[in-house]
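Okay, structure first, notes after.
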Amino acid sequence: ALDISLEEEAQRLSEVVVLPQSNKDTPLNSMALTGGRMINMEEAGRFANGFDDPARLVSAFAGVAGNVGTNSIAIRGNSPQFTQWRMEGVEIPNPTHFADMGDLGGGIFSALSSQVMGNSDFYNGGFPAEYNNALSGVFDMYMRNGNNQRYEHTFQVGLLGIDLASEGPINKKQGSSYIFNYRLSNTQLATGGATNLSYQDLAFKLNFPTRNAGTFSIWGLGLADQERSEAKEPEKWETYGDRLSVDTKLAKLAGGLTHRYTFDENTYMKSSLAATYARDHTFGNQQTTGGQTVDVADVLNNKWDIVFNTYLNKRINTRHVNRTGITITGLLYDLDYKVSPDYGLDKPMEQISRGKGESSVLSAYTTSMIDLNEHLTASIGLTSQFFTLNNNWTLEPRLALKWKMTPGQSLGLSYGLYSRRERLDYYFVERVDNGVTESNKYLDFSRSHHFGLAYHKKLSPLLSLKVEPYYQYLYNMPVEDGTSFSIINHAIFYMDRILKNDGKGKNYGVDVTLEKFMDKGFYYMMSGSLFKSKYMGGDGIWRDTRLDKGYLVNFLTGKEWLVGKQRQNMFNLNVRLFLHGGNRYTPIDEERSKEIKDIALDETKAFSEKYDPAINADLSLSYKMNK
């Protein structure tokens, strides 16, 4: 060993500028070569119409269609319910306030606050083998660690409510820290919860690094929502909806213990023991023209998931890294769905789904990143699931290749077989027809083959161009025999049909993104997509899907100015414009509608009509004072 002494020398410098290099083009997960990018919650707060919401943030990306009224997103023509949410490596229920009420897979806005969320990953196709149970995309979200040296507190009041956050050290010497954030709707605060719409959420993370036993973290996320709507006065009735009174209460929890242990410079293990809870209860009654009240909906969804997962990450040599892991999920559920078959005729409720008990899902994967040479890298993986409720299982290969053509220019190719379980209540739908009981218990996994190309060119250190053609073929999709119905187009929160895995679908198109990253307070992004989305229902006829918009165009830009005597404050201006082709819809069957005194759709012409294109502009102004 050599001891080299250095003599301190002090010099006066006029200015030192530190510029962080954050490659947002690629995901944080080093095992992912294509199909993903990093997202950070700072962008969700900066982008116009971001609302600190990761779903609204990614709706500005190529191939992702958003919605003005909700945060549901359709990735490359796929249903919003085909997207998976993960927190700290654990699959969780949709962490959105008033989830699935307006559109299945979406909600009003996220319960994930920018105060606690750290850099995370978003995948829109070609994701590696450690992700399963998703057909379109994955949000792989992480909470950041709190400041382990000093305390920081934030209090905000806005149109949506109040926001309280705090972070700081637990033990400075050991480097442990905490962070938490609590939000409450201002309407609930002002009226004591008597308003029609109220919400609250809480998120926290405790981080405990140790000298010899690795790093432990305890994290949690919870939300509670309530919505109540009252029937109108009889003289104001125009539709059956005017006669409805609905009370909805939703609660979700997710939390766990995560441990990371490093064996040596080439090997580490990460494990989690977590639990998620979701309870949705909707009750509705309807006033009749005779002045009576009829119960038309009583829907209860109550379930726990107990999750254990672990993986070992091993650098085998300088060219080969392998990650292998398992996940065991225990499902505990109490489901009770009663809905009226015809609201317009004031018919009483019927039992459409009932299940109480327990089941489990076992999954395992292995994936390797291999540098074939200095220009070509391969990601090869295999993942599998086994669902004990009906003993169905999957085996899914994943492959990606990335060719670094020149410095700053690359071409990627990916293929994957993906699968997805249905919502748990779908499996317990039963119907008796001519003395024979039919059910959805033995529905198989929905599956898809996904092929993608990704050309990436760095036009400058801060200017990036991406061109991504893709093709997705879906099969084993649940459909209703003899009708145009397919799960691909399903958008309401309950299922009352007997399904078979005979449906198909296909999505293909090209996504283009030109993005200038933040430089001297200025950024912009332009993205566009041309695509086609088709499906085959239970009648064997190919049709356009509900979400076959045809094209998406987005442009967003913004500028930040440092102001004040010491340039400690910030003024922010952001603009977003988007143009989307219209969704498709099924025309009304007028004769049937007159018969049942309610709106009936002509399913023989499913999604044959199209809404006008949607044009939207958003502007945000902000001023931040730092003390």
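Every chain in the structure tokens has a letter given in the order shown (A, B, ...), and although residue numbers restart at 1 in each chain, ligands are simply numbered from 1 in the order shown.
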
Which of stretch 242-394 of chain A fall in strand (DSSP E or B), as a PyMOL selection string: chain A and resi 244-264+267-287+293-317+320-339+350-371+376-387+392-394

Who sits within 9 Å of A:Asn569, only C-alpha atoms, same chain under 5 positions skipped, as a PDB file with N, CA and C atoms, in the first residue's frame:
```pdb
ATOM      1  N   TRP A 561     -37.855  30.827 -15.024  1.00  0.00           N
ATOM      2  CA  TRP A 561     -37.011  31.993 -14.793  1.00  0.00           C
ATOM      3  C   TRP A 561     -36.701  32.106 -13.317  1.00  0.00           C
ATOM      4  N   LEU A 562     -35.423  32.266 -12.985  1.00  0.00           N
ATOM      5  CA  LEU A 562     -35.017  32.528 -11.603  1.00  0.00           C
ATOM      6  C   LEU A 562     -35.107  34.023 -11.354  1.00  0.00           C
ATOM      7  N   VAL A 563     -35.820  34.413 -10.307  1.00  0.00           N
ATOM      8  CA  VAL A 563     -36.048  35.822 -10.020  1.00  0.00           C
ATOM      9  C   VAL A 563     -35.756  36.081  -8.544  1.00  0.00           C
ATOM     10  N   GLY A 564     -35.768  37.349  -8.165  1.00  0.00           N
ATOM     11  CA  GLY A 564     -35.474  37.735  -6.797  1.00  0.00           C
ATOM     12  C   GLY A 564     -34.074  38.308  -6.680  1.00  0.00           C
ATOM     13  N   TYR A 623     -45.478  30.278  -9.357  1.00  0.00           N
ATOM     14  CA  TYR A 623     -44.427  31.103  -8.764  1.00  0.00           C
ATOM     15  C   TYR A 623     -44.018  30.460  -7.447  1.00  0.00           C
ATOM     16  N   LYS A 624     -42.750  30.140  -7.322  1.00  0.00           N
ATOM     17  CA  LYS A 624     -42.254  29.454  -6.134  1.00  0.00           C
ATOM     18  C   LYS A 624     -41.285  30.370  -5.393  1.00  0.00           C
ATOM     19  N   MET A 625     -41.531  30.524  -4.091  1.00  0.00           N
ATOM     20  CA  MET A 625     -40.663  31.339  -3.241  1.00  0.00           C
ATOM     21  C   MET A 625     -39.880  30.419  -2.311  1.00  0.00           C
ATOM     22  N   ASN A 626     -38.571  30.474  -2.379  1.00  0.00           N
ATOM     23  CA  ASN A 626     -37.696  29.661  -1.530  1.00  0.00           C
ATOM     24  C   ASN A 626     -37.107  30.535  -0.434  1.00  0.00           C
ATOM     25  N   LYS A 627     -37.261  30.096   0.790  1.00  0.00           N
ATOM     26  CA  LYS A 627     -36.734  30.837   1.940  1.00  0.00           C
ATOM     27  C   LYS A 627     -35.661  30.014   2.634  1.00  0.00           C
TER      28      LYS A 627
END
```

Could you list, as a list in words, every residue within 6 Å of A:Tyr524, counting only C-alpha atoms and ignoring same-chain residues fewer than 4 positions away?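 Contacts, in chain order: Lys516, Leu556 and Thr557 of chain A.
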
Just want the 8 Å neighbourhood of A:Arg183, counted on only C-alpha atoms, with same-chain residues fewer than 2 positions away dropped. Output as a PDB file with C-alpha atoms, in the first residue's frame.
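The resulting file, part.pdb, is shown below:
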```pdb
ATOM      1  CA  GLY A 161     -57.172  20.439  -1.069  1.00  0.00           C
ATOM      2  CA  ILE A 162     -54.378  20.699   1.475  1.00  0.00           C
ATOM      3  CA  ASP A 163     -51.031  18.929   1.298  1.00  0.00           C
ATOM      4  CA  LEU A 164     -48.724  18.340   4.278  1.00  0.00           C
ATOM      5  CA  ASN A 181     -47.116  13.104   2.855  1.00  0.00           C
ATOM      6  CA  SER A 185     -59.729  17.439  -0.074  1.00  0.00           C
ATOM      7  CA  GLN A 200     -57.686  11.751   1.446  1.00  0.00           C
ATOM      8  CA  ASP A 201     -54.399   9.873   1.091  1.00  0.00           C
ATOM      9  CA  LEU A 202     -51.233   9.153   3.029  1.00  0.00           C
TER      10      LEU A 202
END
```

Which residues of stretch 467-581 of chain A come within 12 Å of stretch 58-78 of chain A, and for each one, what is the closest pair of atoms and their distance in Å to one decimal, counting only C-alpha atoms, sorted by chain and residue number, as JSON lines?
```
{"residue": "A:Val467", "atom": "CA", "partner": "A:Ala62", "partner_atom": "CA", "distance": 9.5}
{"residue": "A:Glu468", "atom": "CA", "partner": "A:Ala62", "partner_atom": "CA", "distance": 9.1}
{"residue": "A:Pro469", "atom": "CA", "partner": "A:Gly63", "partner_atom": "CA", "distance": 10.2}
{"residue": "A:Tyr470", "atom": "CA", "partner": "A:Arg76", "partner_atom": "CA", "distance": 8.9}
{"residue": "A:Tyr471", "atom": "CA", "partner": "A:Arg76", "partner_atom": "CA", "distance": 9.5}
{"residue": "A:Gln472", "atom": "CA", "partner": "A:Arg76", "partner_atom": "CA", "distance": 9.0}
{"residue": "A:Tyr473", "atom": "CA", "partner": "A:Asn78", "partner_atom": "CA", "distance": 11.1}
{"residue": "A:Leu474", "atom": "CA", "partner": "A:Asn78", "partner_atom": "CA", "distance": 10.0}
{"residue": "A:Ile487", "atom": "CA", "partner": "A:Asn78", "partner_atom": "CA", "distance": 10.6}
{"residue": "A:Ile488", "atom": "CA", "partner": "A:Asn78", "partner_atom": "CA", "distance": 7.2}
{"residue": "A:Asn489", "atom": "CA", "partner": "A:Asn78", "partner_atom": "CA", "distance": 8.8}
{"residue": "A:His490", "atom": "CA", "partner": "A:Asn78", "partner_atom": "CA", "distance": 11.0}
{"residue": "A:Ala491", "atom": "CA", "partner": "A:Ser72", "partner_atom": "CA", "distance": 10.6}
{"residue": "A:Gly505", "atom": "CA", "partner": "A:Asn78", "partner_atom": "CA", "distance": 9.5}
{"residue": "A:Lys506", "atom": "CA", "partner": "A:Gly77", "partner_atom": "CA", "distance": 8.9}
{"residue": "A:Asn507", "atom": "CA", "partner": "A:Gly77", "partner_atom": "CA", "distance": 6.3}
{"residue": "A:Tyr508", "atom": "CA", "partner": "A:Arg76", "partner_atom": "CA", "distance": 7.7}
{"residue": "A:Gly509", "atom": "CA", "partner": "A:Arg76", "partner_atom": "CA", "distance": 7.9}
{"residue": "A:Val510", "atom": "CA", "partner": "A:Gly63", "partner_atom": "CA", "distance": 7.9}
{"residue": "A:Asp511", "atom": "CA", "partner": "A:Ala62", "partner_atom": "CA", "distance": 5.3}
{"residue": "A:Val512", "atom": "CA", "partner": "A:Ala62", "partner_atom": "CA", "distance": 6.2}
{"residue": "A:Thr513", "atom": "CA", "partner": "A:Ala62", "partner_atom": "CA", "distance": 6.2}
{"residue": "A:Leu514", "atom": "CA", "partner": "A:Ala62", "partner_atom": "CA", "distance": 9.7}
{"residue": "A:Glu515", "atom": "CA", "partner": "A:Phe61", "partner_atom": "CA", "distance": 10.1}
{"residue": "A:Tyr524", "atom": "CA", "partner": "A:Ala60", "partner_atom": "CA", "distance": 11.2}
{"residue": "A:Met525", "atom": "CA", "partner": "A:Ala60", "partner_atom": "CA", "distance": 8.5}
{"residue": "A:Met526", "atom": "CA", "partner": "A:Ala62", "partner_atom": "CA", "distance": 8.5}
{"residue": "A:Ser527", "atom": "CA", "partner": "A:Ala62", "partner_atom": "CA", "distance": 5.1}
{"residue": "A:Gly528", "atom": "CA", "partner": "A:Ala62", "partner_atom": "CA", "distance": 5.6}
{"residue": "A:Ser529", "atom": "CA", "partner": "A:Gly63", "partner_atom": "CA", "distance": 5.6}
{"residue": "A:Leu530", "atom": "CA", "partner": "A:Gly63", "partner_atom": "CA", "distance": 8.2}
{"residue": "A:Phe531", "atom": "CA", "partner": "A:Arg76", "partner_atom": "CA", "distance": 7.4}
{"residue": "A:Lys532", "atom": "CA", "partner": "A:Gly77", "partner_atom": "CA", "distance": 7.4}
{"residue": "A:Ser533", "atom": "CA", "partner": "A:Gly77", "partner_atom": "CA", "distance": 5.5}
{"residue": "A:Lys534", "atom": "CA", "partner": "A:Gly77", "partner_atom": "CA", "distance": 8.7}
{"residue": "A:Tyr535", "atom": "CA", "partner": "A:Asn78", "partner_atom": "CA", "distance": 10.6}
{"residue": "A:Asp544", "atom": "CA", "partner": "A:Gly77", "partner_atom": "CA", "distance": 10.3}
{"residue": "A:Thr545", "atom": "CA", "partner": "A:Gly77", "partner_atom": "CA", "distance": 8.0}
{"residue": "A:Arg546", "atom": "CA", "partner": "A:Gly77", "partner_atom": "CA", "distance": 8.7}
{"residue": "A:Leu547", "atom": "CA", "partner": "A:Gly77", "partner_atom": "CA", "distance": 5.6}
{"residue": "A:Asp548", "atom": "CA", "partner": "A:Gly77", "partner_atom": "CA", "distance": 6.1}
{"residue": "A:Lys549", "atom": "CA", "partner": "A:Gly77", "partner_atom": "CA", "distance": 7.8}
{"residue": "A:Gly550", "atom": "CA", "partner": "A:Gly77", "partner_atom": "CA", "distance": 8.9}
{"residue": "A:Tyr551", "atom": "CA", "partner": "A:Gly63", "partner_atom": "CA", "distance": 8.8}
{"residue": "A:Leu552", "atom": "CA", "partner": "A:Ala65", "partner_atom": "CA", "distance": 7.0}
{"residue": "A:Val553", "atom": "CA", "partner": "A:Ala62", "partner_atom": "CA", "distance": 7.9}
{"residue": "A:Asn554", "atom": "CA", "partner": "A:Ala60", "partner_atom": "CA", "distance": 6.1}
{"residue": "A:Phe555", "atom": "CA", "partner": "A:Ala60", "partner_atom": "CA", "distance": 7.8}
{"residue": "A:Leu556", "atom": "CA", "partner": "A:Ala60", "partner_atom": "CA", "distance": 7.8}
{"residue": "A:Thr557", "atom": "CA", "partner": "A:Ala60", "partner_atom": "CA", "distance": 11.1}
{"residue": "A:Val575", "atom": "CA", "partner": "A:Ala60", "partner_atom": "CA", "distance": 11.7}
{"residue": "A:Arg576", "atom": "CA", "partner": "A:Ala60", "partner_atom": "CA", "distance": 8.6}
{"residue": "A:Leu577", "atom": "CA", "partner": "A:Ala60", "partner_atom": "CA", "distance": 9.4}
{"residue": "A:Phe578", "atom": "CA", "partner": "A:Ala60", "partner_atom": "CA", "distance": 8.3}
{"residue": "A:Leu579", "atom": "CA", "partner": "A:Ala65", "partner_atom": "CA", "distance": 10.0}
{"residue": "A:His580", "atom": "CA", "partner": "A:Ala65", "partner_atom": "CA", "distance": 7.6}
{"residue": "A:Gly581", "atom": "CA", "partner": "A:Ala65", "partner_atom": "CA", "distance": 9.7}
```

So which bits of stretch 165-336 of chain A end up helix (DSSP H, G or I) when you DSSP the backbone, as a PyMOL selection string? chain A and resi 186-191+234-236+240-243

Take the residues from that selection and put them in a file with N, CA, C and O atoms, as a PDB file, in the first residue's frame.
```
ATOM      1  N   ASN A 186     -60.154  19.824   0.074  1.00  0.00           N
ATOM      2  CA  ASN A 186     -60.605  21.022   0.765  1.00  0.00           C
ATOM      3  C   ASN A 186     -62.118  21.057   0.939  1.00  0.00           C
ATOM      4  O   ASN A 186     -62.626  21.660   1.872  1.00  0.00           O
ATOM      5  N   THR A 187     -62.876  20.404   0.061  1.00  0.00           N
ATOM      6  CA  THR A 187     -64.323  20.374   0.234  1.00  0.00           C
ATOM      7  C   THR A 187     -64.692  19.598   1.495  1.00  0.00           C
ATOM      8  O   THR A 187     -65.592  19.966   2.228  1.00  0.00           O
ATOM      9  N   GLN A 188     -63.967  18.518   1.763  1.00  0.00           N
ATOM     10  CA  GLN A 188     -64.224  17.760   2.989  1.00  0.00           C
ATOM     11  C   GLN A 188     -63.825  18.584   4.215  1.00  0.00           C
ATOM     12  O   GLN A 188     -64.507  18.580   5.238  1.00  0.00           O
ATOM     13  N   LEU A 189     -62.730  19.314   4.116  1.00  0.00           N
ATOM     14  CA  LEU A 189     -62.271  20.121   5.240  1.00  0.00           C
ATOM     15  C   LEU A 189     -63.297  21.201   5.579  1.00  0.00           C
ATOM     16  O   LEU A 189     -63.571  21.482   6.741  1.00  0.00           O
ATOM     17  N   ALA A 190     -63.892  21.795   4.562  1.00  0.00           N
ATOM     18  CA  ALA A 190     -64.803  22.914   4.781  1.00  0.00           C
ATOM     19  C   ALA A 190     -66.163  22.457   5.283  1.00  0.00           C
ATOM     20  O   ALA A 190     -66.851  23.206   5.977  1.00  0.00           O
ATOM     21  N   THR A 191     -66.584  21.257   4.937  1.00  0.00           N
ATOM     22  CA  THR A 191     -67.958  20.844   5.241  1.00  0.00           C
ATOM     23  C   THR A 191     -68.027  19.640   6.157  1.00  0.00           C
ATOM     24  O   THR A 191     -69.106  19.115   6.398  1.00  0.00           O
ATOM     25  N   PRO A 234     -88.676  14.915  -9.264  1.00  0.00           N
ATOM     26  CA  PRO A 234     -89.402  14.235 -10.357  1.00  0.00           C
ATOM     27  C   PRO A 234     -89.669  15.114 -11.569  1.00  0.00           C
ATOM     28  O   PRO A 234     -89.611  14.634 -12.714  1.00  0.00           O
ATOM     29  N   GLU A 235     -89.923  16.396 -11.382  1.00  0.00           N
ATOM     30  CA  GLU A 235     -90.218  17.259 -12.524  1.00  0.00           C
ATOM     31  C   GLU A 235     -88.989  17.506 -13.403  1.00  0.00           C
ATOM     32  O   GLU A 235     -89.111  18.011 -14.524  1.00  0.00           O
ATOM     33  N   LYS A 236     -87.799  17.132 -12.912  1.00  0.00           N
ATOM     34  CA  LYS A 236     -86.570  17.329 -13.678  1.00  0.00           C
ATOM     35  C   LYS A 236     -86.071  16.030 -14.335  1.00  0.00           C
ATOM     36  O   LYS A 236     -85.007  16.022 -14.934  1.00  0.00           O
ATOM     37  N   TYR A 240     -83.064   7.748 -16.886  1.00  0.00           N
ATOM     38  CA  TYR A 240     -83.118   6.947 -15.661  1.00  0.00           C
ATOM     39  C   TYR A 240     -82.045   7.398 -14.669  1.00  0.00           C
ATOM     40  O   TYR A 240     -82.187   7.260 -13.460  1.00  0.00           O
ATOM     41  N   GLY A 241     -80.934   7.953 -15.184  1.00  0.00           N
ATOM     42  CA  GLY A 241     -79.891   8.430 -14.295  1.00  0.00           C
ATOM     43  C   GLY A 241     -80.349   9.560 -13.387  1.00  0.00           C
ATOM     44  O   GLY A 241     -79.821   9.732 -12.278  1.00  0.00           O
ATOM     45  N   ASP A 242     -81.341  10.333 -13.832  1.00  0.00           N
ATOM     46  CA  ASP A 242     -81.869  11.421 -12.997  1.00  0.00           C
ATOM     47  C   ASP A 242     -82.622  10.878 -11.791  1.00  0.00           C
ATOM     48  O   ASP A 242     -82.864  11.605 -10.825  1.00  0.00           O
ATOM     49  N   ARG A 243     -83.023   9.615 -11.833  1.00  0.00           N
ATOM     50  CA  ARG A 243     -83.796   9.017 -10.741  1.00  0.00           C
ATOM     51  C   ARG A 243     -82.925   8.219  -9.774  1.00  0.00           C
ATOM     52  O   ARG A 243     -83.415   7.655  -8.814  1.00  0.00           O
TER      53      ARG A 243
END
```

Set out as a Markdown table a contact list for stretch 121-234 of chain A and stretch 321-337 of chain A with a cut-off of 12 Å, giving each residue of stretch 121-234 of chain A that qualifies its closest atom pair and distance in Å to one decimal, counting only C-alpha atoms, ordered by chain and rising residue number.
```
| residue | atom | partner | partner_atom | distance |
| --- | --- | --- | --- | --- |
| A:Pro128 | CA | A:Arg323 | CA | 10.7 |
| A:Ala129 | CA | A:Thr324 | CA | 9.4 |
| A:Glu130 | CA | A:Gly325 | CA | 7.6 |
| A:Tyr131 | CA | A:Thr327 | CA | 10.8 |
| A:Asn132 | CA | A:Thr327 | CA | 10.7 |
```

With distances taken over only C-alpha atoms, which residue among A:Glu430, A:Asp502, A:Leu33, A:Trp219 lies nearest A:Glu480?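 Among the listed residues, A:Asp502 lies closest to A:Glu480.
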
Which residues come within 10 Å of stretch 350-357 of chain A, counting only C-alpha atoms, excluding same-chain residues fewer than 2 positions away, as a ChimeraX atom specification? /A:296-303,331-341,347-348,359,424-431,439-440,494-497

Save out the residues we just selected, N, CA and C atoms, as a compact mmCIF listing (two decimals), in the first residue's frame.
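File produced: again-v4.txt:
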```txt
# COMPACT_ATOMS: atom_id res chain seq x y z
N VAL A 296 -81.12 -0.92 -7.02
CA VAL A 296 -80.68 -1.37 -8.34
C VAL A 296 -79.21 -1.78 -8.37
N ALA A 297 -78.43 -1.50 -7.33
CA ALA A 297 -77.02 -1.91 -7.31
C ALA A 297 -76.53 -2.00 -5.88
N ASP A 298 -75.87 -3.10 -5.57
CA ASP A 298 -75.19 -3.29 -4.28
C ASP A 298 -73.94 -4.11 -4.58
N VAL A 299 -72.85 -3.42 -4.80
CA VAL A 299 -71.61 -4.05 -5.27
C VAL A 299 -70.54 -3.92 -4.20
N LEU A 300 -70.04 -5.07 -3.73
CA LEU A 300 -68.99 -5.10 -2.70
C LEU A 300 -67.79 -5.89 -3.23
N ASN A 301 -66.64 -5.25 -3.20
CA ASN A 301 -65.38 -5.89 -3.59
C ASN A 301 -64.40 -5.68 -2.44
N ASN A 302 -64.08 -6.76 -1.74
CA ASN A 302 -63.25 -6.68 -0.54
C ASN A 302 -62.14 -7.72 -0.66
N LYS A 303 -60.88 -7.30 -0.75
CA LYS A 303 -59.82 -8.30 -0.96
C LYS A 303 -58.49 -7.85 -0.37
N LEU A 331 -54.18 -14.63 -2.15
CA LEU A 331 -55.37 -13.82 -2.42
C LEU A 331 -56.47 -14.19 -1.43
N LEU A 332 -56.97 -13.21 -0.70
CA LEU A 332 -58.09 -13.38 0.21
C LEU A 332 -59.19 -12.44 -0.25
N TYR A 333 -60.41 -12.95 -0.44
CA TYR A 333 -61.42 -12.11 -1.08
C TYR A 333 -62.82 -12.40 -0.56
N ASP A 334 -63.65 -11.35 -0.64
CA ASP A 334 -65.08 -11.43 -0.33
C ASP A 334 -65.77 -10.54 -1.35
N LEU A 335 -66.39 -11.15 -2.35
CA LEU A 335 -66.97 -10.44 -3.49
C LEU A 335 -68.47 -10.69 -3.53
N ASP A 336 -69.24 -9.64 -3.67
CA ASP A 336 -70.70 -9.77 -3.70
C ASP A 336 -71.25 -8.69 -4.62
N TYR A 337 -71.62 -9.09 -5.85
CA TYR A 337 -72.09 -8.16 -6.87
C TYR A 337 -73.56 -8.43 -7.17
N LYS A 338 -74.42 -7.46 -6.85
CA LYS A 338 -75.85 -7.54 -7.19
C LYS A 338 -76.22 -6.28 -7.97
N VAL A 339 -76.78 -6.48 -9.17
CA VAL A 339 -77.10 -5.37 -10.06
C VAL A 339 -78.42 -5.64 -10.75
N SER A 340 -79.22 -4.61 -10.97
CA SER A 340 -80.47 -4.74 -11.71
C SER A 340 -80.17 -4.97 -13.19
N PRO A 341 -80.85 -5.92 -13.85
CA PRO A 341 -80.59 -6.18 -15.26
C PRO A 341 -81.08 -5.06 -16.18
N LYS A 347 -86.40 -2.96 -12.58
CA LYS A 347 -86.33 -4.36 -12.16
C LYS A 347 -85.44 -4.52 -10.93
N PRO A 348 -85.76 -5.45 -10.04
CA PRO A 348 -84.94 -5.64 -8.84
C PRO A 348 -83.57 -6.22 -9.19
N SER A 359 -57.03 -17.93 -2.58
CA SER A 359 -56.33 -18.57 -3.68
C SER A 359 -54.90 -18.05 -3.66
N LEU A 424 -60.65 -10.34 -10.33
CA LEU A 424 -61.03 -11.52 -9.58
C LEU A 424 -62.54 -11.78 -9.63
N ASP A 425 -63.35 -10.72 -9.62
CA ASP A 425 -64.80 -10.93 -9.61
C ASP A 425 -65.32 -11.54 -10.90
N TYR A 426 -64.58 -11.39 -12.01
CA TYR A 426 -65.02 -11.97 -13.29
C TYR A 426 -65.12 -13.49 -13.19
N TYR A 427 -64.22 -14.11 -12.42
CA TYR A 427 -64.19 -15.58 -12.34
C TYR A 427 -65.40 -16.15 -11.61
N PHE A 428 -66.12 -15.31 -10.86
CA PHE A 428 -67.24 -15.81 -10.05
C PHE A 428 -68.60 -15.42 -10.63
N VAL A 429 -68.61 -14.96 -11.88
CA VAL A 429 -69.88 -14.70 -12.56
C VAL A 429 -70.51 -16.05 -12.93
N GLU A 430 -71.77 -16.23 -12.56
CA GLU A 430 -72.49 -17.48 -12.87
C GLU A 430 -73.85 -17.15 -13.49
N ARG A 431 -74.33 -18.10 -14.33
CA ARG A 431 -75.65 -17.95 -14.93
C ARG A 431 -76.23 -19.34 -15.15
N SER A 439 -70.23 -20.66 -15.73
CA SER A 439 -69.45 -19.69 -14.95
C SER A 439 -68.17 -19.34 -15.71
N ASN A 440 -67.48 -18.34 -15.18
CA ASN A 440 -66.20 -17.90 -15.76
C ASN A 440 -64.99 -18.43 -14.99
N TYR A 494 -68.11 -3.60 -13.44
CA TYR A 494 -68.57 -4.95 -13.12
C TYR A 494 -68.77 -5.74 -14.41
N MET A 495 -68.85 -7.06 -14.25
CA MET A 495 -69.02 -7.96 -15.39
C MET A 495 -70.25 -8.83 -15.14
N ASP A 496 -71.14 -8.93 -16.14
CA ASP A 496 -72.35 -9.75 -15.99
C ASP A 496 -72.53 -10.72 -17.15
N ARG A 497 -71.44 -11.09 -17.83
CA ARG A 497 -71.51 -11.98 -18.99
C ARG A 497 -70.69 -13.24 -18.76
```

Need the shell around A:Ala99: protein/DNA/RNA residues with any atom at most 10 Å away, counting only C-alpha atoms. Skip same-chain ones fewer than 2 positions apart. Format as an NGL selection string? :A and (70-72 or 93-97 or 101-110 or 225 or 250 or 280 or 493)

Give me the residues of stretch 392-426 of chain A that have any atom at most 8 Å from an atom of stretch 444-453 of chain A; for each, the nearest atom pair and the distance in Å, rounded to one decimal. Use only C-alpha atoms, sort by chain and number, and format it as JSON lines.
```
{"residue": "A:Asn392", "atom": "CA", "partner": "A:Asp444", "partner_atom": "CA", "distance": 6.2}
{"residue": "A:Trp393", "atom": "CA", "partner": "A:Phe445", "partner_atom": "CA", "distance": 7.7}
{"residue": "A:Thr394", "atom": "CA", "partner": "A:Phe445", "partner_atom": "CA", "distance": 7.7}
{"residue": "A:Leu411", "atom": "CA", "partner": "A:Leu453", "partner_atom": "CA", "distance": 7.3}
{"residue": "A:Gly412", "atom": "CA", "partner": "A:Leu453", "partner_atom": "CA", "distance": 5.6}
{"residue": "A:Leu413", "atom": "CA", "partner": "A:Leu453", "partner_atom": "CA", "distance": 4.7}
{"residue": "A:Ser414", "atom": "CA", "partner": "A:Gly452", "partner_atom": "CA", "distance": 5.1}
{"residue": "A:Tyr415", "atom": "CA", "partner": "A:Phe451", "partner_atom": "CA", "distance": 4.6}
{"residue": "A:Gly416", "atom": "CA", "partner": "A:His450", "partner_atom": "CA", "distance": 5.3}
{"residue": "A:Leu417", "atom": "CA", "partner": "A:His449", "partner_atom": "CA", "distance": 4.7}
{"residue": "A:Tyr418", "atom": "CA", "partner": "A:Ser448", "partner_atom": "CA", "distance": 5.3}
{"residue": "A:Ser419", "atom": "CA", "partner": "A:Arg447", "partner_atom": "CA", "distance": 4.3}
{"residue": "A:Arg420", "atom": "CA", "partner": "A:Ser446", "partner_atom": "CA", "distance": 5.3}
{"residue": "A:Arg421", "atom": "CA", "partner": "A:Phe445", "partner_atom": "CA", "distance": 5.2}
{"residue": "A:Glu422", "atom": "CA", "partner": "A:Phe445", "partner_atom": "CA", "distance": 7.4}
```
